[in-house]
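structure_22.cif follows (mmCIF, N, CA and C atoms and all ligand atoms):
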```
data_upload
#
loop_
_atom_site.label_atom_id
_atom_site.label_comp_id
_atom_site.auth_asym_id
_atom_site.auth_seq_id
_atom_site.Cartn_x
_atom_site.Cartn_y
_atom_site.Cartn_z
N MET A 1352 8.62 3.15 -18.03
CA MET A 1352 7.72 2.37 -17.15
C MET A 1352 8.40 2.12 -15.80
N MET A 1353 7.70 2.50 -14.78
CA MET A 1353 8.25 2.33 -13.42
C MET A 1353 8.32 0.84 -13.06
N ASN A 1354 9.50 0.33 -12.86
CA ASN A 1354 9.57 -1.11 -12.55
C ASN A 1354 9.42 -1.39 -11.05
N SER A 1355 9.28 -2.66 -10.76
CA SER A 1355 8.99 -3.09 -9.39
C SER A 1355 10.08 -2.69 -8.42
N LYS A 1356 11.32 -2.81 -8.84
CA LYS A 1356 12.44 -2.53 -7.92
C LYS A 1356 12.46 -1.06 -7.50
N ILE A 1357 12.20 -0.17 -8.44
CA ILE A 1357 12.18 1.26 -8.12
C ILE A 1357 11.03 1.57 -7.16
N LEU A 1358 9.88 0.94 -7.43
CA LEU A 1358 8.71 1.17 -6.57
C LEU A 1358 8.97 0.64 -5.15
N ILE A 1359 9.62 -0.50 -5.05
CA ILE A 1359 9.97 -1.06 -3.74
C ILE A 1359 10.93 -0.11 -3.00
N ALA A 1360 11.91 0.42 -3.72
CA ALA A 1360 12.88 1.35 -3.11
C ALA A 1360 12.17 2.58 -2.56
N LYS A 1361 11.16 3.05 -3.29
CA LYS A 1361 10.41 4.23 -2.83
C LYS A 1361 9.56 3.90 -1.61
N ALA A 1362 9.04 2.67 -1.56
CA ALA A 1362 8.27 2.24 -0.38
C ALA A 1362 9.17 2.15 0.85
N VAL A 1363 10.38 1.64 0.65
CA VAL A 1363 11.35 1.55 1.76
C VAL A 1363 11.69 2.95 2.28
N GLU A 1364 11.86 3.87 1.34
CA GLU A 1364 12.17 5.26 1.71
C GLU A 1364 11.01 5.87 2.52
N ALA A 1365 9.78 5.62 2.07
CA ALA A 1365 8.60 6.17 2.74
C ALA A 1365 8.44 5.57 4.14
N MET A 1366 8.86 4.32 4.29
CA MET A 1366 8.78 3.63 5.59
C MET A 1366 9.56 4.39 6.67
N GLU A 1367 10.64 5.07 6.24
CA GLU A 1367 11.46 5.84 7.19
C GLU A 1367 10.62 6.92 7.88
N ASN A 1368 9.60 7.42 7.17
CA ASN A 1368 8.79 8.51 7.72
C ASN A 1368 7.62 8.01 8.57
N ALA A 1369 7.49 6.70 8.71
CA ALA A 1369 6.37 6.17 9.51
C ALA A 1369 6.37 6.81 10.90
N TYR A 1370 5.17 7.18 11.34
CA TYR A 1370 5.01 7.69 12.70
C TYR A 1370 4.32 6.58 13.48
N ALA A 1371 5.11 5.78 14.16
CA ALA A 1371 4.57 4.56 14.77
C ALA A 1371 5.09 4.36 16.19
N PRO A 1372 4.88 5.38 17.07
CA PRO A 1372 5.42 5.26 18.43
C PRO A 1372 4.65 4.26 19.30
N TYR A 1373 3.45 3.86 18.86
CA TYR A 1373 2.64 2.96 19.70
C TYR A 1373 2.86 1.50 19.35
N SER A 1374 2.98 1.19 18.07
CA SER A 1374 3.20 -0.21 17.67
C SER A 1374 4.68 -0.51 17.42
N SER A 1375 5.45 0.54 17.15
CA SER A 1375 6.85 0.36 16.73
C SER A 1375 6.94 -0.52 15.49
N PHE A 1376 5.90 -0.49 14.66
CA PHE A 1376 5.87 -1.25 13.41
C PHE A 1376 5.72 -0.24 12.28
N LYS A 1377 6.76 -0.18 11.44
CA LYS A 1377 6.76 0.83 10.38
C LYS A 1377 6.37 0.23 9.05
N VAL A 1378 5.53 0.95 8.31
CA VAL A 1378 5.09 0.47 6.99
C VAL A 1378 5.28 1.60 5.97
N GLY A 1379 5.71 1.21 4.78
CA GLY A 1379 5.86 2.17 3.68
C GLY A 1379 5.17 1.64 2.45
N ALA A 1380 4.62 2.54 1.64
CA ALA A 1380 3.94 2.13 0.41
C ALA A 1380 4.31 3.11 -0.70
N ALA A 1381 4.32 2.60 -1.93
CA ALA A 1381 4.55 3.46 -3.10
C ALA A 1381 3.56 3.01 -4.17
N LEU A 1382 2.71 3.95 -4.55
CA LEU A 1382 1.59 3.69 -5.47
C LEU A 1382 1.87 4.35 -6.81
N LEU A 1383 1.83 3.54 -7.87
CA LEU A 1383 2.09 4.07 -9.22
C LEU A 1383 0.78 4.39 -9.91
N SER A 1384 0.62 5.63 -10.34
CA SER A 1384 -0.59 6.01 -11.07
C SER A 1384 -0.37 5.74 -12.56
N LYS A 1385 -1.49 5.63 -13.29
CA LYS A 1385 -1.40 5.36 -14.74
C LYS A 1385 -0.63 6.46 -15.45
N SER A 1386 -0.67 7.67 -14.90
CA SER A 1386 0.04 8.79 -15.52
C SER A 1386 1.54 8.74 -15.28
N GLY A 1387 1.98 7.77 -14.43
CA GLY A 1387 3.42 7.62 -14.19
C GLY A 1387 3.91 8.26 -12.91
N ARG A 1388 3.01 8.91 -12.19
CA ARG A 1388 3.43 9.52 -10.92
C ARG A 1388 3.41 8.50 -9.80
N VAL A 1389 4.32 8.64 -8.85
CA VAL A 1389 4.36 7.75 -7.70
C VAL A 1389 3.93 8.53 -6.46
N PHE A 1390 2.98 7.97 -5.72
CA PHE A 1390 2.53 8.56 -4.47
C PHE A 1390 2.98 7.64 -3.35
N THR A 1391 3.74 8.17 -2.42
CA THR A 1391 4.21 7.34 -1.31
C THR A 1391 3.34 7.55 -0.09
N GLY A 1392 3.45 6.60 0.85
CA GLY A 1392 2.69 6.73 2.09
C GLY A 1392 3.37 5.97 3.21
N CYS A 1393 3.08 6.38 4.44
CA CYS A 1393 3.58 5.65 5.60
C CYS A 1393 2.42 5.54 6.60
N ASN A 1394 2.57 4.66 7.58
CA ASN A 1394 1.54 4.60 8.60
C ASN A 1394 1.71 5.76 9.58
N ILE A 1395 0.58 6.27 10.02
CA ILE A 1395 0.57 7.43 10.93
C ILE A 1395 -0.33 7.09 12.10
N GLU A 1396 0.29 6.91 13.25
CA GLU A 1396 -0.47 6.46 14.43
C GLU A 1396 -0.95 7.64 15.27
N ASN A 1397 -1.73 7.31 16.28
CA ASN A 1397 -2.35 8.33 17.13
C ASN A 1397 -2.56 7.75 18.52
N SER A 1398 -2.43 8.59 19.53
CA SER A 1398 -2.57 8.10 20.90
C SER A 1398 -3.98 7.59 21.19
N ALA A 1399 -4.95 8.03 20.37
CA ALA A 1399 -6.32 7.54 20.54
C ALA A 1399 -6.57 6.24 19.76
N PHE A 1400 -5.53 5.75 19.11
CA PHE A 1400 -5.53 4.46 18.37
C PHE A 1400 -6.44 4.38 17.15
N SER A 1401 -7.75 4.64 17.28
CA SER A 1401 -8.61 4.43 16.11
C SER A 1401 -8.33 5.38 14.94
N PRO A 1402 -7.77 6.56 15.18
CA PRO A 1402 -7.46 7.40 14.01
C PRO A 1402 -6.22 6.96 13.23
N ILE A 1403 -5.63 5.84 13.56
CA ILE A 1403 -4.43 5.37 12.84
C ILE A 1403 -4.73 5.19 11.35
N ASN A 1404 -3.79 5.65 10.52
CA ASN A 1404 -3.92 5.45 9.08
C ASN A 1404 -2.76 4.58 8.58
N CYS A 1405 -3.10 3.57 7.79
CA CYS A 1405 -2.09 2.68 7.23
C CYS A 1405 -1.32 3.37 6.09
N ALA A 1406 -0.16 2.84 5.81
CA ALA A 1406 0.69 3.39 4.74
C ALA A 1406 -0.01 3.37 3.39
N GLU A 1407 -0.71 2.28 3.11
CA GLU A 1407 -1.37 2.14 1.80
C GLU A 1407 -2.44 3.20 1.62
N ARG A 1408 -3.25 3.39 2.67
CA ARG A 1408 -4.31 4.40 2.55
C ARG A 1408 -3.74 5.81 2.50
N THR A 1409 -2.64 6.05 3.20
CA THR A 1409 -2.00 7.37 3.09
C THR A 1409 -1.65 7.64 1.63
N ALA A 1410 -1.06 6.64 0.97
CA ALA A 1410 -0.65 6.82 -0.44
C ALA A 1410 -1.88 7.02 -1.33
N ILE A 1411 -2.89 6.20 -1.15
CA ILE A 1411 -4.10 6.31 -2.00
C ILE A 1411 -4.78 7.67 -1.79
N PHE A 1412 -4.91 8.07 -0.53
CA PHE A 1412 -5.61 9.33 -0.25
C PHE A 1412 -4.82 10.53 -0.77
N LYS A 1413 -3.49 10.44 -0.69
CA LYS A 1413 -2.67 11.52 -1.28
C LYS A 1413 -2.95 11.63 -2.78
N ALA A 1414 -2.98 10.47 -3.44
CA ALA A 1414 -3.18 10.45 -4.90
C ALA A 1414 -4.56 10.99 -5.27
N VAL A 1415 -5.58 10.47 -4.60
CA VAL A 1415 -6.95 10.88 -4.94
C VAL A 1415 -7.13 12.37 -4.67
N SER A 1416 -6.52 12.84 -3.60
CA SER A 1416 -6.66 14.27 -3.26
C SER A 1416 -5.93 15.16 -4.26
N GLU A 1417 -5.06 14.55 -5.06
CA GLU A 1417 -4.37 15.32 -6.10
C GLU A 1417 -4.92 14.99 -7.49
N GLY A 1418 -6.11 14.37 -7.51
CA GLY A 1418 -6.81 14.17 -8.77
C GLY A 1418 -6.46 12.91 -9.53
N LYS A 1419 -5.64 12.04 -8.91
CA LYS A 1419 -5.28 10.78 -9.59
C LYS A 1419 -6.11 9.63 -9.00
N THR A 1420 -6.83 8.93 -9.88
CA THR A 1420 -7.67 7.82 -9.41
C THR A 1420 -7.46 6.55 -10.23
N ASP A 1421 -6.51 6.58 -11.18
CA ASP A 1421 -6.21 5.38 -11.98
C ASP A 1421 -4.83 4.87 -11.61
N PHE A 1422 -4.79 3.62 -11.18
CA PHE A 1422 -3.53 3.10 -10.64
C PHE A 1422 -3.11 1.79 -11.30
N VAL A 1423 -1.80 1.55 -11.30
CA VAL A 1423 -1.22 0.36 -11.92
C VAL A 1423 -0.81 -0.66 -10.87
N ARG A 1424 -0.02 -0.23 -9.90
CA ARG A 1424 0.45 -1.15 -8.86
C ARG A 1424 0.87 -0.39 -7.63
N ILE A 1425 1.01 -1.15 -6.51
CA ILE A 1425 1.49 -0.57 -5.25
C ILE A 1425 2.54 -1.50 -4.67
N ALA A 1426 3.61 -0.94 -4.12
CA ALA A 1426 4.60 -1.74 -3.39
C ALA A 1426 4.42 -1.44 -1.91
N VAL A 1427 4.49 -2.48 -1.09
CA VAL A 1427 4.31 -2.32 0.36
C VAL A 1427 5.45 -3.04 1.09
N VAL A 1428 6.04 -2.35 2.05
CA VAL A 1428 7.06 -2.97 2.91
C VAL A 1428 6.75 -2.60 4.35
N GLY A 1429 7.14 -3.47 5.27
CA GLY A 1429 6.90 -3.15 6.67
C GLY A 1429 7.67 -4.05 7.60
N GLY A 1430 7.87 -3.56 8.81
CA GLY A 1430 8.55 -4.37 9.80
C GLY A 1430 8.79 -3.59 11.07
N ALA A 1431 9.31 -4.29 12.06
CA ALA A 1431 9.59 -3.67 13.35
C ALA A 1431 10.60 -2.54 13.18
N ALA A 1432 10.34 -1.43 13.89
CA ALA A 1432 11.26 -0.30 13.81
C ALA A 1432 12.64 -0.73 14.26
N ASP A 1433 13.66 -0.15 13.66
CA ASP A 1433 15.06 -0.41 14.02
C ASP A 1433 15.52 -1.84 13.82
N SER A 1434 14.88 -2.53 12.87
CA SER A 1434 15.45 -3.84 12.50
C SER A 1434 15.23 -4.10 11.03
N GLU A 1435 15.93 -5.06 10.51
CA GLU A 1435 15.82 -5.40 9.09
C GLU A 1435 14.40 -5.89 8.78
N ILE A 1436 13.93 -5.64 7.58
CA ILE A 1436 12.62 -6.18 7.17
C ILE A 1436 12.79 -7.68 6.99
N SER A 1437 12.00 -8.45 7.75
CA SER A 1437 12.20 -9.91 7.69
C SER A 1437 10.98 -10.66 7.16
N ASN A 1438 9.87 -9.94 6.98
CA ASN A 1438 8.66 -10.59 6.47
C ASN A 1438 7.98 -9.72 5.43
N TYR A 1439 7.10 -10.34 4.66
CA TYR A 1439 6.24 -9.57 3.77
C TYR A 1439 5.18 -8.88 4.62
N CYS A 1440 4.66 -7.76 4.13
CA CYS A 1440 3.64 -7.02 4.87
C CYS A 1440 2.44 -6.78 3.94
N PRO A 1441 1.57 -7.77 3.83
CA PRO A 1441 0.42 -7.61 2.93
C PRO A 1441 -0.57 -6.58 3.47
N PRO A 1442 -1.26 -5.87 2.59
CA PRO A 1442 -2.22 -4.85 3.03
C PRO A 1442 -3.33 -5.43 3.91
N CYS A 1443 -3.75 -4.66 4.90
CA CYS A 1443 -4.83 -5.09 5.79
C CYS A 1443 -6.16 -5.10 5.02
N GLY A 1444 -7.17 -5.67 5.62
CA GLY A 1444 -8.48 -5.78 4.96
C GLY A 1444 -9.10 -4.45 4.60
N VAL A 1445 -8.93 -3.48 5.49
CA VAL A 1445 -9.50 -2.15 5.21
C VAL A 1445 -8.83 -1.54 3.99
N CYS A 1446 -7.52 -1.64 3.93
CA CYS A 1446 -6.79 -1.07 2.77
C CYS A 1446 -7.15 -1.81 1.48
N ARG A 1447 -7.38 -3.11 1.56
CA ARG A 1447 -7.78 -3.86 0.36
C ARG A 1447 -9.11 -3.31 -0.17
N GLN A 1448 -10.03 -3.04 0.75
CA GLN A 1448 -11.33 -2.51 0.32
C GLN A 1448 -11.18 -1.11 -0.28
N VAL A 1449 -10.29 -0.32 0.28
CA VAL A 1449 -10.06 1.03 -0.27
C VAL A 1449 -9.40 0.93 -1.65
N LEU A 1450 -8.48 -0.02 -1.81
CA LEU A 1450 -7.89 -0.24 -3.14
C LEU A 1450 -8.96 -0.62 -4.14
N LYS A 1451 -9.89 -1.46 -3.69
CA LYS A 1451 -10.95 -1.93 -4.60
C LYS A 1451 -11.82 -0.79 -5.12
N GLU A 1452 -11.96 0.23 -4.31
CA GLU A 1452 -12.78 1.37 -4.71
C GLU A 1452 -12.25 2.04 -5.98
N PHE A 1453 -10.92 1.99 -6.15
CA PHE A 1453 -10.30 2.71 -7.27
C PHE A 1453 -9.63 1.81 -8.30
N CYS A 1454 -9.34 0.57 -7.92
CA CYS A 1454 -8.48 -0.27 -8.80
C CYS A 1454 -9.25 -1.43 -9.41
N LYS A 1455 -8.79 -1.81 -10.60
CA LYS A 1455 -9.37 -2.96 -11.31
C LYS A 1455 -8.86 -4.26 -10.69
N PRO A 1456 -9.54 -5.38 -11.01
CA PRO A 1456 -9.10 -6.67 -10.44
C PRO A 1456 -7.66 -7.04 -10.78
N ASP A 1457 -7.13 -6.53 -11.89
CA ASP A 1457 -5.74 -6.88 -12.26
C ASP A 1457 -4.70 -5.92 -11.70
N PHE A 1458 -5.12 -4.98 -10.87
CA PHE A 1458 -4.17 -4.09 -10.17
C PHE A 1458 -3.18 -4.95 -9.38
N GLU A 1459 -1.91 -4.58 -9.41
CA GLU A 1459 -0.88 -5.42 -8.78
C GLU A 1459 -0.45 -4.92 -7.41
N ILE A 1460 -0.33 -5.87 -6.48
CA ILE A 1460 0.19 -5.58 -5.14
C ILE A 1460 1.53 -6.28 -5.03
N ILE A 1461 2.57 -5.48 -4.79
CA ILE A 1461 3.92 -6.04 -4.60
C ILE A 1461 4.21 -6.02 -3.11
N VAL A 1462 4.42 -7.18 -2.52
CA VAL A 1462 4.85 -7.22 -1.12
C VAL A 1462 6.31 -7.63 -1.13
N ALA A 1463 7.13 -6.84 -0.44
CA ALA A 1463 8.57 -7.04 -0.58
C ALA A 1463 9.30 -7.08 0.76
N LYS A 1464 10.39 -7.84 0.76
CA LYS A 1464 11.35 -7.77 1.87
C LYS A 1464 12.48 -6.83 1.46
N ASN A 1465 12.80 -6.86 0.18
CA ASN A 1465 13.77 -5.93 -0.40
C ASN A 1465 13.57 -5.96 -1.92
N GLU A 1466 14.43 -5.25 -2.63
CA GLU A 1466 14.27 -5.13 -4.08
C GLU A 1466 14.43 -6.45 -4.83
N ASN A 1467 15.04 -7.42 -4.17
CA ASN A 1467 15.26 -8.71 -4.83
C ASN A 1467 14.39 -9.84 -4.30
N ASP A 1468 13.65 -9.57 -3.26
CA ASP A 1468 12.81 -10.61 -2.65
C ASP A 1468 11.40 -10.05 -2.50
N TYR A 1469 10.57 -10.37 -3.48
CA TYR A 1469 9.20 -9.84 -3.44
C TYR A 1469 8.23 -10.76 -4.16
N LYS A 1470 6.94 -10.59 -3.83
CA LYS A 1470 5.86 -11.34 -4.48
C LYS A 1470 4.92 -10.33 -5.14
N VAL A 1471 4.34 -10.74 -6.25
CA VAL A 1471 3.36 -9.88 -6.92
C VAL A 1471 2.03 -10.61 -6.96
N MET A 1472 0.99 -9.96 -6.48
CA MET A 1472 -0.36 -10.54 -6.52
C MET A 1472 -1.33 -9.51 -7.08
N THR A 1473 -2.45 -10.00 -7.59
CA THR A 1473 -3.46 -9.04 -8.09
C THR A 1473 -4.46 -8.76 -6.97
N LEU A 1474 -5.20 -7.67 -7.17
CA LEU A 1474 -6.24 -7.32 -6.20
C LEU A 1474 -7.30 -8.43 -6.14
N ALA A 1475 -7.62 -9.01 -7.29
CA ALA A 1475 -8.62 -10.09 -7.31
C ALA A 1475 -8.14 -11.28 -6.47
N GLU A 1476 -6.84 -11.53 -6.47
CA GLU A 1476 -6.31 -12.65 -5.68
C GLU A 1476 -6.35 -12.38 -4.18
N ILE A 1477 -6.06 -11.14 -3.79
CA ILE A 1477 -6.01 -10.89 -2.33
C ILE A 1477 -7.34 -10.42 -1.76
N LEU A 1478 -8.31 -10.12 -2.64
CA LEU A 1478 -9.63 -9.71 -2.14
C LEU A 1478 -10.75 -10.38 -2.94
N PRO A 1479 -10.85 -11.70 -2.83
CA PRO A 1479 -11.89 -12.39 -3.60
C PRO A 1479 -13.27 -12.21 -2.96
N PHE A 1480 -14.30 -12.32 -3.77
CA PHE A 1480 -15.69 -12.29 -3.31
C PHE A 1480 -15.94 -11.10 -2.38
N SER A 1481 -15.52 -9.91 -2.84
CA SER A 1481 -15.58 -8.74 -1.97
C SER A 1481 -16.81 -7.89 -2.26
N PHE A 1482 -17.09 -7.04 -1.31
CA PHE A 1482 -18.24 -6.16 -1.44
C PHE A 1482 -18.04 -5.15 -2.56
N ASP A 1483 -19.01 -5.03 -3.42
CA ASP A 1483 -18.99 -4.00 -4.46
C ASP A 1483 -20.44 -3.65 -4.77
N LYS A 1484 -20.83 -2.46 -4.37
CA LYS A 1484 -22.21 -2.00 -4.55
C LYS A 1484 -22.62 -2.04 -6.01
N ARG A 1485 -21.61 -1.81 -6.90
CA ARG A 1485 -21.90 -1.78 -8.34
C ARG A 1485 -22.27 -3.15 -8.90
N GLU A 1486 -21.90 -4.21 -8.15
CA GLU A 1486 -22.16 -5.57 -8.65
C GLU A 1486 -23.44 -6.17 -8.08
N VAL A 1487 -24.09 -5.44 -7.16
CA VAL A 1487 -25.29 -6.00 -6.52
C VAL A 1487 -26.43 -6.02 -7.52
N1 LIG B 1 -0.26 -1.05 9.04
C1 LIG B 1 -0.12 -0.48 7.80
O1 LIG B 1 0.35 0.65 7.66
N2 LIG B 1 -0.53 -1.21 6.72
C2 LIG B 1 -1.08 -2.46 6.78
O2 LIG B 1 -1.54 -2.98 5.78
C3 LIG B 1 -1.14 -3.16 8.06
C4 LIG B 1 -0.82 -2.36 9.27
C5 LIG B 1 0.17 -0.27 10.22
C6 LIG B 1 -0.94 0.16 11.13
C7 LIG B 1 -0.20 0.33 12.44
O3 LIG B 1 0.33 1.64 12.49
C8 LIG B 1 0.95 -0.66 12.37
O4 LIG B 1 1.03 -1.06 11.01
C9 LIG B 1 0.77 -1.87 13.24
O5 LIG B 1 -0.40 -2.51 13.01
#
```

Turn this file's structure into C-alpha cells for me.
Amino acid sequence: MMNSKILIAKAVEAMENAYAPYSSFKVGAALLSKSGRVFTGCNIENSAFSPINCAERTAIFKAVSEGKTDFVRIAVVGGAADSEISNYCPPCGVCRQVLKEFCKPDFEIIVAKNENDYKVMTLAEILPFSFDKREV
C-alpha cells in the first residue's frame, strides 16, 4: 500500500518539472490509483494564460487517458520557485470539481509542506454541496 510519505515525495519530485515562467509558482501532484499506480502531474503555464493546467488536473488527465479512473488519494505540494515550501497548497476549485467527476466523497487529499508536515482531508470536506448532475 502506497503510504502518504511516498506519495508526498513523488509530488515534490513532480513539482521540479513545473513549467511556471509566468507565476513562478510551482505545483506538484501525485495521484494513487486503486490499481496501485501513481500518476504525477505539475502545473503547465502558457503565455496566453487561460490554457494553464494545474498539477492536479495534469495528474488526473494522465491517469484517465491511460484507462485509470478509480483513485484512492492525491498528494499536492506547491510554492514559489527557488524557495522552500512554506505553505500548504490546497487544490483550486476547478481541480476539486474535476476530482469529483472521478472520485468518491471519501477520496483523500493530502496537502503537504514536506513528508512530515501534512494534512489529510476528504473530497467531501473540501467540496461540500457541490454540483453533481447525477444527484439532481
Ligand atoms: N496551480 C496548481 O497547479 N494547482 C492548484 O490547485 C492551484 C494553482 C497553479 C496554476 C498556476 O500555474 C500557478 O499554480 C499559480 O496560480

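Between A:Phe1453 and the residues A:Leu1474, A:Ser1481, A:Asp1421, A:Ser1401, the shortest atom-to-atom distance, using only N, CA and C atoms, involves A:Asp1421.
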
If we count only N, CA and C atoms and set the cut-off at 8 Å, which residues sit around A:Ala1360, ignoring sequence neighbours fewer than 6 positions away in its own chain? Please answer as a VMD selection string. chain A and resid 1354 1366 1381 1426 1465 to 1466

Please, which residues have at least one atom within 5 Å of an atom of ligand LIG 1 (chain B), using all atoms listed in the file, listed as a PDB file with N, CA and C atoms, in the coordinates of the input?
```pdb
ATOM      1  N   PHE A1376       5.900  -0.490  14.660  1.00  0.00           N
ATOM      2  CA  PHE A1376       5.870  -1.250  13.410  1.00  0.00           C
ATOM      3  C   PHE A1376       5.720  -0.240  12.280  1.00  0.00           C
ATOM      4  N   VAL A1378       5.530   0.950   8.310  1.00  0.00           N
ATOM      5  CA  VAL A1378       5.090   0.470   6.990  1.00  0.00           C
ATOM      6  C   VAL A1378       5.280   1.600   5.970  1.00  0.00           C
ATOM      7  N   ASN A1394       2.570   4.660   7.580  1.00  0.00           N
ATOM      8  CA  ASN A1394       1.540   4.600   8.600  1.00  0.00           C
ATOM      9  C   ASN A1394       1.710   5.760   9.580  1.00  0.00           C
ATOM     10  N   CYS A1405      -3.100   3.570   7.790  1.00  0.00           N
ATOM     11  CA  CYS A1405      -2.090   2.680   7.230  1.00  0.00           C
ATOM     12  C   CYS A1405      -1.320   3.370   6.090  1.00  0.00           C
ATOM     13  N   ALA A1406      -0.160   2.840   5.810  1.00  0.00           N
ATOM     14  CA  ALA A1406       0.690   3.390   4.740  1.00  0.00           C
ATOM     15  C   ALA A1406      -0.010   3.370   3.390  1.00  0.00           C
ATOM     16  N   GLU A1407      -0.710   2.280   3.110  1.00  0.00           N
ATOM     17  CA  GLU A1407      -1.370   2.140   1.800  1.00  0.00           C
ATOM     18  C   GLU A1407      -2.440   3.200   1.620  1.00  0.00           C
ATOM     19  N   PRO A1441       1.570  -7.770   3.830  1.00  0.00           N
ATOM     20  CA  PRO A1441       0.420  -7.610   2.930  1.00  0.00           C
ATOM     21  C   PRO A1441      -0.570  -6.580   3.470  1.00  0.00           C
ATOM     22  N   PRO A1442      -1.260  -5.870   2.590  1.00  0.00           N
ATOM     23  CA  PRO A1442      -2.220  -4.850   3.030  1.00  0.00           C
ATOM     24  C   PRO A1442      -3.330  -5.430   3.910  1.00  0.00           C
ATOM     25  N   CYS A1443      -3.750  -4.660   4.900  1.00  0.00           N
ATOM     26  CA  CYS A1443      -4.830  -5.090   5.790  1.00  0.00           C
ATOM     27  C   CYS A1443      -6.160  -5.100   5.020  1.00  0.00           C
TER      28      CYS A1443
END
```

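Between atom CA of A:Tyr1370 and atom N of A:Glu1396 lies a distance of 4.8 Å.
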
Could you give me the residues within stretch 1363-1450 of chain A that DSSP places in strand (DSSP E or B), as a compact mmCIF listing (two decimals) with N, CA and C atoms, keeping the file's coordinate frame?
```txt
# COMPACT_ATOMS: atom_id res chain seq x y z
N TYR A 1370 5.17 7.18 11.34
CA TYR A 1370 5.01 7.69 12.70
C TYR A 1370 4.32 6.58 13.48
N PHE A 1376 5.90 -0.49 14.66
CA PHE A 1376 5.87 -1.25 13.41
C PHE A 1376 5.72 -0.24 12.28
N LYS A 1377 6.76 -0.18 11.44
CA LYS A 1377 6.76 0.83 10.38
C LYS A 1377 6.37 0.23 9.05
N VAL A 1378 5.53 0.95 8.31
CA VAL A 1378 5.09 0.47 6.99
C VAL A 1378 5.28 1.60 5.97
N GLY A 1379 5.71 1.21 4.78
CA GLY A 1379 5.86 2.17 3.68
C GLY A 1379 5.17 1.64 2.45
N ALA A 1380 4.62 2.54 1.64
CA ALA A 1380 3.94 2.13 0.41
C ALA A 1380 4.31 3.11 -0.70
N ALA A 1381 4.32 2.60 -1.93
CA ALA A 1381 4.55 3.46 -3.10
C ALA A 1381 3.56 3.01 -4.17
N LEU A 1382 2.71 3.95 -4.55
CA LEU A 1382 1.59 3.69 -5.47
C LEU A 1382 1.87 4.35 -6.81
N LEU A 1383 1.83 3.54 -7.87
CA LEU A 1383 2.09 4.07 -9.22
C LEU A 1383 0.78 4.39 -9.91
N SER A 1384 0.62 5.63 -10.34
CA SER A 1384 -0.59 6.01 -11.07
C SER A 1384 -0.37 5.74 -12.56
N VAL A 1389 4.32 8.64 -8.85
CA VAL A 1389 4.36 7.75 -7.70
C VAL A 1389 3.93 8.53 -6.46
N PHE A 1390 2.98 7.97 -5.72
CA PHE A 1390 2.53 8.56 -4.47
C PHE A 1390 2.98 7.64 -3.35
N THR A 1391 3.74 8.17 -2.42
CA THR A 1391 4.21 7.34 -1.31
C THR A 1391 3.34 7.55 -0.09
N GLY A 1392 3.45 6.60 0.85
CA GLY A 1392 2.69 6.73 2.09
C GLY A 1392 3.37 5.97 3.21
N CYS A 1393 3.08 6.38 4.44
CA CYS A 1393 3.58 5.65 5.60
C CYS A 1393 2.42 5.54 6.60
N ILE A 1395 0.58 6.27 10.02
CA ILE A 1395 0.57 7.43 10.93
C ILE A 1395 -0.33 7.09 12.10
N ASN A 1404 -3.79 5.65 10.52
CA ASN A 1404 -3.92 5.45 9.08
C ASN A 1404 -2.76 4.58 8.58
N PHE A 1422 -4.79 3.62 -11.18
CA PHE A 1422 -3.53 3.10 -10.64
C PHE A 1422 -3.11 1.79 -11.30
N VAL A 1423 -1.80 1.55 -11.30
CA VAL A 1423 -1.22 0.36 -11.92
C VAL A 1423 -0.81 -0.66 -10.87
N ARG A 1424 -0.02 -0.23 -9.90
CA ARG A 1424 0.45 -1.15 -8.86
C ARG A 1424 0.87 -0.39 -7.63
N ILE A 1425 1.01 -1.15 -6.51
CA ILE A 1425 1.49 -0.57 -5.25
C ILE A 1425 2.54 -1.50 -4.67
N ALA A 1426 3.61 -0.94 -4.12
CA ALA A 1426 4.60 -1.74 -3.39
C ALA A 1426 4.42 -1.44 -1.91
N VAL A 1427 4.49 -2.48 -1.09
CA VAL A 1427 4.31 -2.32 0.36
C VAL A 1427 5.45 -3.04 1.09
N VAL A 1428 6.04 -2.35 2.05
CA VAL A 1428 7.06 -2.97 2.91
C VAL A 1428 6.75 -2.60 4.35
N GLY A 1429 7.14 -3.47 5.27
CA GLY A 1429 6.90 -3.15 6.67
C GLY A 1429 7.67 -4.05 7.60
N GLY A 1430 7.87 -3.56 8.81
CA GLY A 1430 8.55 -4.37 9.80
C GLY A 1430 8.79 -3.59 11.07
N ALA A 1431 9.31 -4.29 12.06
CA ALA A 1431 9.59 -3.67 13.35
C ALA A 1431 10.60 -2.54 13.18
```

Rounded to one decimal place, report the atom CA of A:Val1389-atom N of A:Phe1458 distance in Å.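 Atom N of A:Phe1458 lies at a distance of 16.2 Å from atom CA of A:Val1389.
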
Nearest candidate to A:Leu1450 (options A:Arg1424, A:Lys1361, A:Lys1484, A:Lys1385; using only C-alpha atoms):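 Of A:Arg1424, A:Lys1361, A:Lys1484, A:Lys1385, the one nearest A:Leu1450 is A:Arg1424, counting only C-alpha atoms.
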
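When DSSP reads the backbone of this structure, the residues of stretch 1387-1467 of chain A it assigns to alpha helix (DSSP H) are Ala1406, Glu1407, Arg1408, Thr1409, Ala1410, Ile1411, Phe1412, Lys1413, Ala1414, Val1415, Ser1416, Gly1444, Val1445, Cys1446, Arg1447, Gln1448, Val1449, Leu1450, Lys1451, Glu1452 and Phe1453 of chain A.
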
Top pick for closest residue to A:Ala1431, considering A:Thr1391, A:Ser1355, A:Ser1375, A:Ser1386 and counting only C-alpha atoms: A:Ser1375

Among the residues A:Cys1393, A:Ser1384, A:Asp1468, A:Phe1480, the one that comes closest to A:Ile1425 [using all atoms listed in the file]: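 So, comparing all the options, the nearest one is A:Ser1384.
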
Quick one: pull the distance between atom CA of A:Ile1477 and atom CA of A:Ala1362, Å, one decimal.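 That distance, rounded to one decimal, is 19.5 Å.
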